[in-house]
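Read the structure below first, then the notes.
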Protein chains: 2
Amino acid sequence: MNEPVFFGKLPSANPIADDGDDLHFCSTCAFAPVCLPEGVDKHALRELHMLVEHVGPFRTGEAIFRTGDRFAAIYAVRGGTVQTRLVDDAGREQVLGFHLPGEVIGLNAIHPEIYPCDAIAIESTYVCRFSFPALAILAAKVPRVQQQLFRLLSADIGKATQLAGDHSADERLAAFLLDLADRYAARGFSDRRFHLTMTRVDIANYLRFAAETVSRVLRRFQDRQLVLITGREVELLDLSALRRLARNISRR
Amino acid sequence: MNEPVFFGKLPSANPIADDGDDLHFCSTCAFAPVCLPEGVDKHALRELHMLVEHVGPFRTGEAIFRTGDRFAAIYAVRGGTVQTRLVDDAGREQVLGFHLPGEVIGLNAIHPEIYPCDAIAIESTYVCRFSFPALAILAAKVPRVQQQLFRLLSADIGKATQLAGDHSADERLAAFLLDLADRYAARGFSDRRFHLTMTRVDIANYLRFAAETVSRVLRRFQDRQLVLITGREVELLDLSALRRLARNISRR
DNA sequence: CGGCGGCTTGAAGGACGTCAAGATTAGTGG
DNA sequence: CCACTAATCTTGACGTCCTTCAAGCCGCCG
């Protein structure tokens, strides 16, 4: 497990996922399900590879896309972390999500045909660019690609819905930590110890409360032996208690 | 304008939208954009018609689908109102949305492959059923159908995102009223006077606050001459003031 | 007429936000 | 390696918006 590398401090310490080859994508990629099953048309798969562009690195604060840019592509995060956020008319920011390697951003731009939010790298970040018109054409030819696109879109509705529930700060933060743990685990990292790549302010904004509340709730969790926090290093000590706290937030 | 009919009280008073014919769907339907433009393959269009099943009526409280049902179809509301809601582990309800004629429900079930929420008729309701496997096959053949599905899915992400913002009760309720007004207007009804088909409790639950708060905010709006409320009849008096209140909730 | 669900209104309490001050960490240049 | 500065984070005190609890009202249907 390359955890130690992940926890390092140099930019190179958040490695790019494996590159894959002509027939296999980066194994953590959201499009991996398209490639893994047997019997996929190898020619079509090669086409999928053809239309991917590797882009990066983006430095902290740099934008993959910005609100109002014309929609032309969706992006899969290859390494690093991307934050999506929107700025309302009053100038207040609203963090919509943190996107880890393998996750796809930009799907919410298909309908408006412009990106409805900013996508900002919050550490050194690499992405794969999928031209959407090209992808749509491929989807019409390869059922599995179409199906995967439908699934990714549908899953995003579910994610957005989760955030919309009205829940206490404890519930939300417990769910947030468990969600991150699950997603890291799905990528082969530890599901108990991980590094927060985002600031408290960003977490607070994402969960819709004040930065101070993040500090206070984390302290409460720590006092109750649920977690161990050292700066941005997190260790989950009592998963079942955390799950009990988060249980009211429908997950999946 | 068939507003008077819409405001009537008999079950028959919420009429089914026009039925369309072989080449044109009900004009308010979410799939109308597929049919309206010139040059659409008429044979394919007929196929789309073939796979639609008209279902109903559902009486108040009856379910179009329920949480955990295996996903097989999406539905367009043809007449009436559908409420989607989920029940969390603690047994508390959460209203996800109110769906008016022409709007599509069930898209969030594609990924989990089971419906992640209940869809309940809150008045006498008719729907169109689209078998999803059949629709996916058609989408691969007819680019416009695929595109429309992508758009509907993407738009739903946006809608879910809106609800997720943290906003004051005034902001949320103003946005809610304006949103309803827009949607009724898009269906040919008045954008200033309409009938709330849902209870205060449901509105409150949808907006993530207590039922009492709905009453209090509506009263405040009325005292400030922004709206006129008579039971469930609503008249918007000062649209620009309401828009100013709601302005921080990103719309589209 | 009586009962019940839906709605309104008031009073009290609580969860979280805001403000302010300090502590800790990270980043930078000497 | 250290000094200095800025950013991030923590903690406390206080205020506020909204919830909760409780009571009463309205309209509808049996």
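FYI, nothing fancy with the structure tokens labels: chains A, B, ... in order, residues from 1 per chain, ligands from 1 as they appear.
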
Inset, instruction - Give as an MDAnalysis selection string every residue of chain D that touches chain B within 12 Å, counting only C-alpha atoms (C1' of nucleotides). - result: chainID D and resid 16:21 26:27

For the selection just defined, write its residues with N, CA and C atoms (P, O5', C5', C4', C3', O3' and C1' of nucleotides) to a file, as a PDB file, in the first residue's frame.
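Output below, filename selection_20.pdb:
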```pdb
ATOM      1  P    DT D  16     -28.751  40.061  18.468  1.00  0.00           P
ATOM      2  O5'  DT D  16     -29.145  38.969  17.381  1.00  0.00           O
ATOM      3  C5'  DT D  16     -28.124  38.346  16.612  1.00  0.00           C
ATOM      4  C4'  DT D  16     -28.720  37.164  15.858  1.00  0.00           C
ATOM      5  C3'  DT D  16     -30.235  37.233  15.675  1.00  0.00           C
ATOM      6  O3'  DT D  16     -30.529  36.631  14.436  1.00  0.00           O
ATOM      7  C1'  DT D  16     -29.704  35.281  16.815  1.00  0.00           C
ATOM      8  P    DC D  17     -31.644  37.250  13.450  1.00  0.00           P
ATOM      9  O5'  DC D  17     -32.008  35.976  12.571  1.00  0.00           O
ATOM     10  C5'  DC D  17     -30.967  35.129  12.103  1.00  0.00           C
ATOM     11  C4'  DC D  17     -31.379  33.687  12.292  1.00  0.00           C
ATOM     12  C3'  DC D  17     -32.788  33.385  11.817  1.00  0.00           C
ATOM     13  O3'  DC D  17     -32.701  32.326  10.886  1.00  0.00           O
ATOM     14  C1'  DC D  17     -32.434  32.521  14.012  1.00  0.00           C
ATOM     15  P    DC D  18     -33.910  31.915   9.981  1.00  0.00           P
ATOM     16  O5'  DC D  18     -34.404  30.601  10.728  1.00  0.00           O
ATOM     17  C5'  DC D  18     -33.488  29.530  10.910  1.00  0.00           C
ATOM     18  C4'  DC D  18     -33.962  28.656  12.036  1.00  0.00           C
ATOM     19  C3'  DC D  18     -35.349  28.069  11.844  1.00  0.00           C
ATOM     20  O3'  DC D  18     -35.232  26.669  11.704  1.00  0.00           O
ATOM     21  C1'  DC D  18     -35.005  28.838  14.068  1.00  0.00           C
ATOM     22  P    DT D  19     -36.537  25.734  11.611  1.00  0.00           P
ATOM     23  O5'  DT D  19     -36.571  24.990  13.019  1.00  0.00           O
ATOM     24  C5'  DT D  19     -35.358  24.438  13.534  1.00  0.00           C
ATOM     25  C4'  DT D  19     -35.590  23.926  14.953  1.00  0.00           C
ATOM     26  C3'  DT D  19     -36.793  23.004  15.086  1.00  0.00           C
ATOM     27  O3'  DT D  19     -36.408  21.871  15.835  1.00  0.00           O
ATOM     28  C1'  DT D  19     -36.978  24.829  16.613  1.00  0.00           C
ATOM     29  P    DT D  20     -37.406  20.648  15.963  1.00  0.00           P
ATOM     30  O5'  DT D  20     -38.010  20.820  17.430  1.00  0.00           O
ATOM     31  C5'  DT D  20     -37.158  21.203  18.500  1.00  0.00           C
ATOM     32  C4'  DT D  20     -37.990  21.529  19.728  1.00  0.00           C
ATOM     33  C3'  DT D  20     -39.246  20.670  19.903  1.00  0.00           C
ATOM     34  O3'  DT D  20     -39.287  20.208  21.240  1.00  0.00           O
ATOM     35  C1'  DT D  20     -39.803  22.956  20.029  1.00  0.00           C
ATOM     36  P    DC D  21     -40.308  19.096  21.697  1.00  0.00           P
ATOM     37  O5'  DC D  21     -41.397  19.951  22.499  1.00  0.00           O
ATOM     38  C5'  DC D  21     -40.970  20.832  23.526  1.00  0.00           C
ATOM     39  C4'  DC D  21     -42.122  21.706  23.985  1.00  0.00           C
ATOM     40  C3'  DC D  21     -43.463  20.985  24.111  1.00  0.00           C
ATOM     41  O3'  DC D  21     -44.042  21.330  25.362  1.00  0.00           O
ATOM     42  C1'  DC D  21     -43.699  22.948  22.852  1.00  0.00           C
ATOM     43  P    DC D  26     -61.181  31.452  13.767  1.00  0.00           P
ATOM     44  O5'  DC D  26     -61.110  30.710  12.375  1.00  0.00           O
ATOM     45  C5'  DC D  26     -59.910  30.749  11.619  1.00  0.00           C
ATOM     46  C4'  DC D  26     -59.885  29.562  10.683  1.00  0.00           C
ATOM     47  C3'  DC D  26     -61.207  29.294   9.961  1.00  0.00           C
ATOM     48  O3'  DC D  26     -60.995  29.457   8.573  1.00  0.00           O
ATOM     49  C1'  DC D  26     -60.239  27.285  10.813  1.00  0.00           C
ATOM     50  P    DG D  27     -62.224  29.566   7.578  1.00  0.00           P
ATOM     51  O5'  DG D  27     -62.264  28.067   7.017  1.00  0.00           O
ATOM     52  C5'  DG D  27     -61.087  27.525   6.423  1.00  0.00           C
ATOM     53  C4'  DG D  27     -61.320  26.074   6.090  1.00  0.00           C
ATOM     54  C3'  DG D  27     -62.663  25.780   5.427  1.00  0.00           C
ATOM     55  O3'  DG D  27     -62.425  24.869   4.372  1.00  0.00           O
ATOM     56  C1'  DG D  27     -62.423  24.444   7.350  1.00  0.00           C
TER      57       DG D  27
END
```

Legend entry - 10 Å contact set for Ala181 (chain A), only C-alpha atoms (C1' of nucleotides), chain neighbours under 2 positions out, as an MDAnalysis selection string: chainID A and resid 175:179 183:187 189:195 234:236

Inset, instruction - Would you mind reading off the distance between CA of Phe58 (chain B) and CA of Glu123 (chain B), one decimal, in Å? - result: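 Spanning CA of Phe58 (chain B) to CA of Glu123 (chain B) is a straight-line distance of 7.8 Å.
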
For chain A, report every residue with an atom at most 7 Å from chain B (counting only C-alpha atoms), formatted as a PDB file with C-alpha atoms, in the first residue's frame.
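The resulting result24.pdb:
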```pdb
ATOM      1  CA  ASP A  88     -23.558  33.563  -5.266  1.00  0.00           C
ATOM      2  CA  ASP A  89     -24.781  37.026  -6.188  1.00  0.00           C
ATOM      3  CA  ALA A  90     -23.797  38.319  -2.777  1.00  0.00           C
ATOM      4  CA  LEU A 107     -21.353  16.665 -15.301  1.00  0.00           C
ATOM      5  CA  ASN A 108     -23.538  19.415 -13.908  1.00  0.00           C
ATOM      6  CA  ALA A 109     -22.546  21.588 -16.882  1.00  0.00           C
ATOM      7  CA  ILE A 110     -24.195  19.469 -19.578  1.00  0.00           C
ATOM      8  CA  HIS A 111     -27.586  21.056 -19.208  1.00  0.00           C
ATOM      9  CA  ALA A 140     -23.943   5.907 -28.843  1.00  0.00           C
ATOM     10  CA  LYS A 141     -21.632   3.241 -30.260  1.00  0.00           C
ATOM     11  CA  PHE A 150     -25.842   7.609 -17.079  1.00  0.00           C
ATOM     12  CA  ARG A 151     -24.610   6.056 -13.852  1.00  0.00           C
ATOM     13  CA  LEU A 153     -24.767  11.438 -13.706  1.00  0.00           C
ATOM     14  CA  SER A 154     -27.315   9.623 -11.579  1.00  0.00           C
ATOM     15  CA  ALA A 155     -24.801   9.127  -8.776  1.00  0.00           C
ATOM     16  CA  ASP A 156     -24.094  12.854  -8.765  1.00  0.00           C
ATOM     17  CA  ILE A 157     -27.766  13.574  -8.144  1.00  0.00           C
ATOM     18  CA  GLY A 158     -27.566  11.309  -5.123  1.00  0.00           C
ATOM     19  CA  ALA A 160     -26.006  16.461  -4.137  1.00  0.00           C
ATOM     20  CA  THR A 161     -29.128  15.198  -2.394  1.00  0.00           C
ATOM     21  CA  LEU A 163     -25.784  17.413   1.220  1.00  0.00           C
ATOM     22  CA  ALA A 164     -29.273  18.858   1.110  1.00  0.00           C
ATOM     23  CA  ASP A 166     -30.986  19.073   7.395  1.00  0.00           C
ATOM     24  CA  ARG A 208     -22.749  24.628   5.523  1.00  0.00           C
ATOM     25  CA  ARG A 247     -26.717   7.026  10.314  1.00  0.00           C
ATOM     26  CA  ASN A 248     -29.449   9.497   9.544  1.00  0.00           C
ATOM     27  CA  ILE A 249     -27.734  10.767   6.467  1.00  0.00           C
ATOM     28  CA  SER A 250     -28.778   8.505   3.654  1.00  0.00           C
TER      29      SER A 250
END
```

Legend entry - In region 15-164 of chain A, DSSP strand (DSSP E) residues written as a PyMOL selection string: chain A and resi 52-58+63-65+73-79+82-87+93-99+104-105+118-121+125-131

Limited to N, CA and C atoms, could you put the picked residues into a file as a short mmCIF file (atom, residue, chain, number, x, y, z; two decimals), in the first residue's frame?
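Result file follows (again.cif):
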```cif
data_model
loop_
_atom_site.label_atom_id
_atom_site.label_comp_id
_atom_site.auth_asym_id
_atom_site.auth_seq_id
_atom_site.Cartn_x
_atom_site.Cartn_y
_atom_site.Cartn_z
N VAL A 52 -9.05 10.89 -24.66
CA VAL A 52 -8.62 11.41 -23.36
C VAL A 52 -7.37 12.26 -23.52
N GLU A 53 -7.38 13.39 -22.85
CA GLU A 53 -6.19 14.23 -22.82
C GLU A 53 -5.72 14.35 -21.39
N HIS A 54 -4.49 14.08 -21.14
CA HIS A 54 -3.96 14.30 -19.79
C HIS A 54 -3.58 15.76 -19.64
N VAL A 55 -4.07 16.39 -18.60
CA VAL A 55 -3.80 17.81 -18.39
C VAL A 55 -3.24 18.00 -16.99
N GLY A 56 -2.31 18.90 -16.88
CA GLY A 56 -1.77 19.20 -15.57
C GLY A 56 -0.25 19.31 -15.63
N PRO A 57 0.40 19.63 -14.53
CA PRO A 57 -0.22 19.82 -13.22
C PRO A 57 -0.87 21.18 -13.06
N PHE A 58 -1.93 21.20 -12.27
CA PHE A 58 -2.48 22.45 -11.79
C PHE A 58 -1.94 22.70 -10.39
N ALA A 63 -7.50 26.98 -11.69
CA ALA A 63 -8.82 26.48 -12.07
C ALA A 63 -8.74 25.49 -13.22
N ILE A 64 -9.44 24.38 -13.09
CA ILE A 64 -9.62 23.46 -14.22
C ILE A 64 -10.67 24.06 -15.14
N PHE A 65 -11.76 24.58 -14.55
CA PHE A 65 -12.69 25.39 -15.32
C PHE A 65 -13.32 26.41 -14.39
N ALA A 73 -16.18 19.74 -22.02
CA ALA A 73 -15.55 18.49 -21.59
C ALA A 73 -15.87 18.20 -20.14
N ILE A 74 -15.82 16.90 -19.79
CA ILE A 74 -15.82 16.55 -18.39
C ILE A 74 -14.41 16.08 -18.03
N TYR A 75 -14.11 16.09 -16.76
CA TYR A 75 -12.75 15.78 -16.32
C TYR A 75 -12.77 14.71 -15.23
N ALA A 76 -11.83 13.80 -15.30
CA ALA A 76 -11.61 12.87 -14.20
C ALA A 76 -10.35 13.30 -13.48
N VAL A 77 -10.42 13.34 -12.16
CA VAL A 77 -9.22 13.68 -11.38
C VAL A 77 -8.27 12.49 -11.44
N ARG A 78 -6.98 12.77 -11.74
CA ARG A 78 -6.01 11.69 -11.83
C ARG A 78 -5.13 11.66 -10.59
N GLY A 79 -4.86 12.83 -10.05
CA GLY A 79 -4.07 12.93 -8.83
C GLY A 79 -4.32 14.28 -8.22
N VAL A 82 -9.59 18.30 -6.22
CA VAL A 82 -10.27 19.43 -6.84
C VAL A 82 -11.47 19.81 -6.00
N GLN A 83 -11.62 21.09 -5.80
CA GLN A 83 -12.79 21.60 -5.08
C GLN A 83 -13.70 22.28 -6.09
N THR A 84 -14.99 21.94 -6.07
CA THR A 84 -15.93 22.70 -6.89
C THR A 84 -16.68 23.66 -5.98
N ARG A 85 -16.88 24.86 -6.46
CA ARG A 85 -17.55 25.86 -5.63
C ARG A 85 -18.30 26.86 -6.51
N LEU A 86 -19.34 27.42 -5.93
CA LEU A 86 -19.99 28.50 -6.67
C LEU A 86 -20.02 29.75 -5.80
N VAL A 87 -20.05 30.86 -6.47
CA VAL A 87 -20.08 32.14 -5.80
C VAL A 87 -21.44 32.77 -6.07
N GLU A 93 -19.06 32.42 -1.08
CA GLU A 93 -18.71 31.14 -1.68
C GLU A 93 -19.53 30.02 -1.10
N GLN A 94 -19.68 28.99 -1.90
CA GLN A 94 -20.36 27.78 -1.47
C GLN A 94 -19.58 26.61 -2.05
N VAL A 95 -18.96 25.81 -1.18
CA VAL A 95 -18.20 24.66 -1.67
C VAL A 95 -19.17 23.53 -1.99
N LEU A 96 -19.11 23.00 -3.20
CA LEU A 96 -20.04 21.95 -3.63
C LEU A 96 -19.49 20.56 -3.42
N GLY A 97 -18.16 20.44 -3.46
CA GLY A 97 -17.61 19.10 -3.30
C GLY A 97 -16.10 19.10 -3.36
N PHE A 98 -15.51 18.02 -2.84
CA PHE A 98 -14.08 17.76 -2.96
C PHE A 98 -13.94 16.50 -3.80
N HIS A 99 -13.09 16.54 -4.79
CA HIS A 99 -13.05 15.44 -5.75
C HIS A 99 -11.68 14.79 -5.75
N VAL A 104 -15.21 12.20 -11.19
CA VAL A 104 -15.48 12.98 -12.40
C VAL A 104 -16.14 14.30 -12.05
N ILE A 105 -15.70 15.36 -12.68
CA ILE A 105 -16.31 16.67 -12.47
C ILE A 105 -16.77 17.26 -13.80
N ASP A 118 -17.02 26.85 -10.23
CA ASP A 118 -15.57 26.80 -10.43
C ASP A 118 -15.05 25.44 -10.00
N ALA A 119 -14.03 24.98 -10.68
CA ALA A 119 -13.31 23.78 -10.23
C ALA A 119 -11.86 24.17 -9.99
N ILE A 120 -11.45 24.13 -8.73
CA ILE A 120 -10.15 24.67 -8.32
C ILE A 120 -9.30 23.56 -7.71
N ALA A 121 -8.05 23.47 -8.14
CA ALA A 121 -7.13 22.53 -7.51
C ALA A 121 -6.76 23.05 -6.13
N THR A 125 -2.36 19.00 -8.84
CA THR A 125 -3.43 18.14 -9.35
C THR A 125 -3.28 17.85 -10.85
N TYR A 126 -3.57 16.61 -11.22
CA TYR A 126 -3.59 16.20 -12.62
C TYR A 126 -4.99 15.69 -12.96
N VAL A 127 -5.43 15.97 -14.16
CA VAL A 127 -6.75 15.50 -14.57
C VAL A 127 -6.71 14.90 -15.97
N CYS A 128 -7.74 14.11 -16.29
CA CYS A 128 -7.96 13.63 -17.65
C CYS A 128 -9.13 14.41 -18.22
N ARG A 129 -8.95 14.89 -19.43
CA ARG A 129 -10.01 15.65 -20.09
C ARG A 129 -10.71 14.77 -21.11
N PHE A 130 -12.05 14.70 -21.01
CA PHE A 130 -12.84 13.95 -21.98
C PHE A 130 -13.71 14.92 -22.75
N SER A 131 -13.41 15.15 -24.00
CA SER A 131 -14.27 15.99 -24.83
C SER A 131 -15.67 15.41 -24.80
#
```

Inset, instruction - Kindly provide, as a ChimeraX atom specification, the residues of chain C having any atom no farther than 8 Å from an atom of chain B, counting only C-alpha atoms (C1' of nucleotides). - result: /C:6-8

Take the residues that were just selected and, keeping all heavy atoms, output them as a compact mmCIF listing (two decimals), in the first residue's frame.
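Saved to part25.txt:
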```txt
# COMPACT_ATOMS: atom_id res chain seq x y z
P DG C 6 -53.05 16.73 7.18
OP1 DG C 6 -52.82 16.30 5.79
OP2 DG C 6 -52.10 16.40 8.24
O5' DG C 6 -53.25 18.30 7.17
C5' DG C 6 -54.17 18.88 6.27
C4' DG C 6 -54.29 20.35 6.60
O4' DG C 6 -54.80 20.47 7.95
C3' DG C 6 -52.96 21.11 6.58
O3' DG C 6 -53.11 22.22 5.72
C2' DG C 6 -52.72 21.52 8.02
C1' DG C 6 -54.13 21.54 8.58
N9 DG C 6 -54.23 21.34 10.01
C8 DG C 6 -53.77 20.27 10.74
N7 DG C 6 -54.03 20.38 12.03
C5 DG C 6 -54.69 21.60 12.14
C6 DG C 6 -55.22 22.25 13.28
O6 DG C 6 -55.20 21.86 14.45
N1 DG C 6 -55.81 23.47 12.94
C2 DG C 6 -55.89 23.98 11.66
N2 DG C 6 -56.49 25.17 11.52
N3 DG C 6 -55.40 23.38 10.59
C4 DG C 6 -54.83 22.20 10.90
P DC C 7 -51.84 23.12 5.39
OP1 DC C 7 -52.10 23.67 4.05
OP2 DC C 7 -50.62 22.34 5.66
O5' DC C 7 -51.93 24.30 6.44
C5' DC C 7 -53.09 25.14 6.42
C4' DC C 7 -53.08 26.04 7.63
O4' DC C 7 -53.22 25.24 8.82
C3' DC C 7 -51.82 26.87 7.83
O3' DC C 7 -52.14 28.22 7.50
C2' DC C 7 -51.47 26.69 9.31
C1' DC C 7 -52.72 26.03 9.87
N1 DC C 7 -52.50 25.14 11.05
C2 DC C 7 -52.97 25.54 12.30
O2 DC C 7 -53.52 26.64 12.41
N3 DC C 7 -52.77 24.74 13.37
C4 DC C 7 -52.16 23.56 13.22
N4 DC C 7 -52.01 22.79 14.30
C5 DC C 7 -51.68 23.13 11.96
C6 DC C 7 -51.87 23.94 10.90
P DT C 8 -51.02 29.36 7.71
OP1 DT C 8 -51.41 30.50 6.85
OP2 DT C 8 -49.70 28.75 7.61
O5' DT C 8 -51.28 29.78 9.22
C5' DT C 8 -52.46 30.47 9.56
C4' DT C 8 -52.43 30.84 11.03
O4' DT C 8 -52.24 29.65 11.83
C3' DT C 8 -51.31 31.80 11.44
O3' DT C 8 -51.93 32.95 12.02
C2' DT C 8 -50.48 31.02 12.46
C1' DT C 8 -51.47 29.98 12.96
N1 DT C 8 -50.91 28.70 13.45
C2 DT C 8 -51.11 28.36 14.77
O2 DT C 8 -51.70 29.06 15.57
N3 DT C 8 -50.56 27.15 15.13
C4 DT C 8 -49.87 26.27 14.31
O4 DT C 8 -49.45 25.21 14.74
C5 DT C 8 -49.71 26.68 12.94
C7 DT C 8 -48.97 25.81 11.97
C6 DT C 8 -50.23 27.87 12.57
```

Legend entry - Selection near DA23 (chain C), 12 Å with only C-alpha atoms (C1' of nucleotides), sequence-local residues under 5 positions removed, as a PyMOL selection string: chain D and resi 8-11
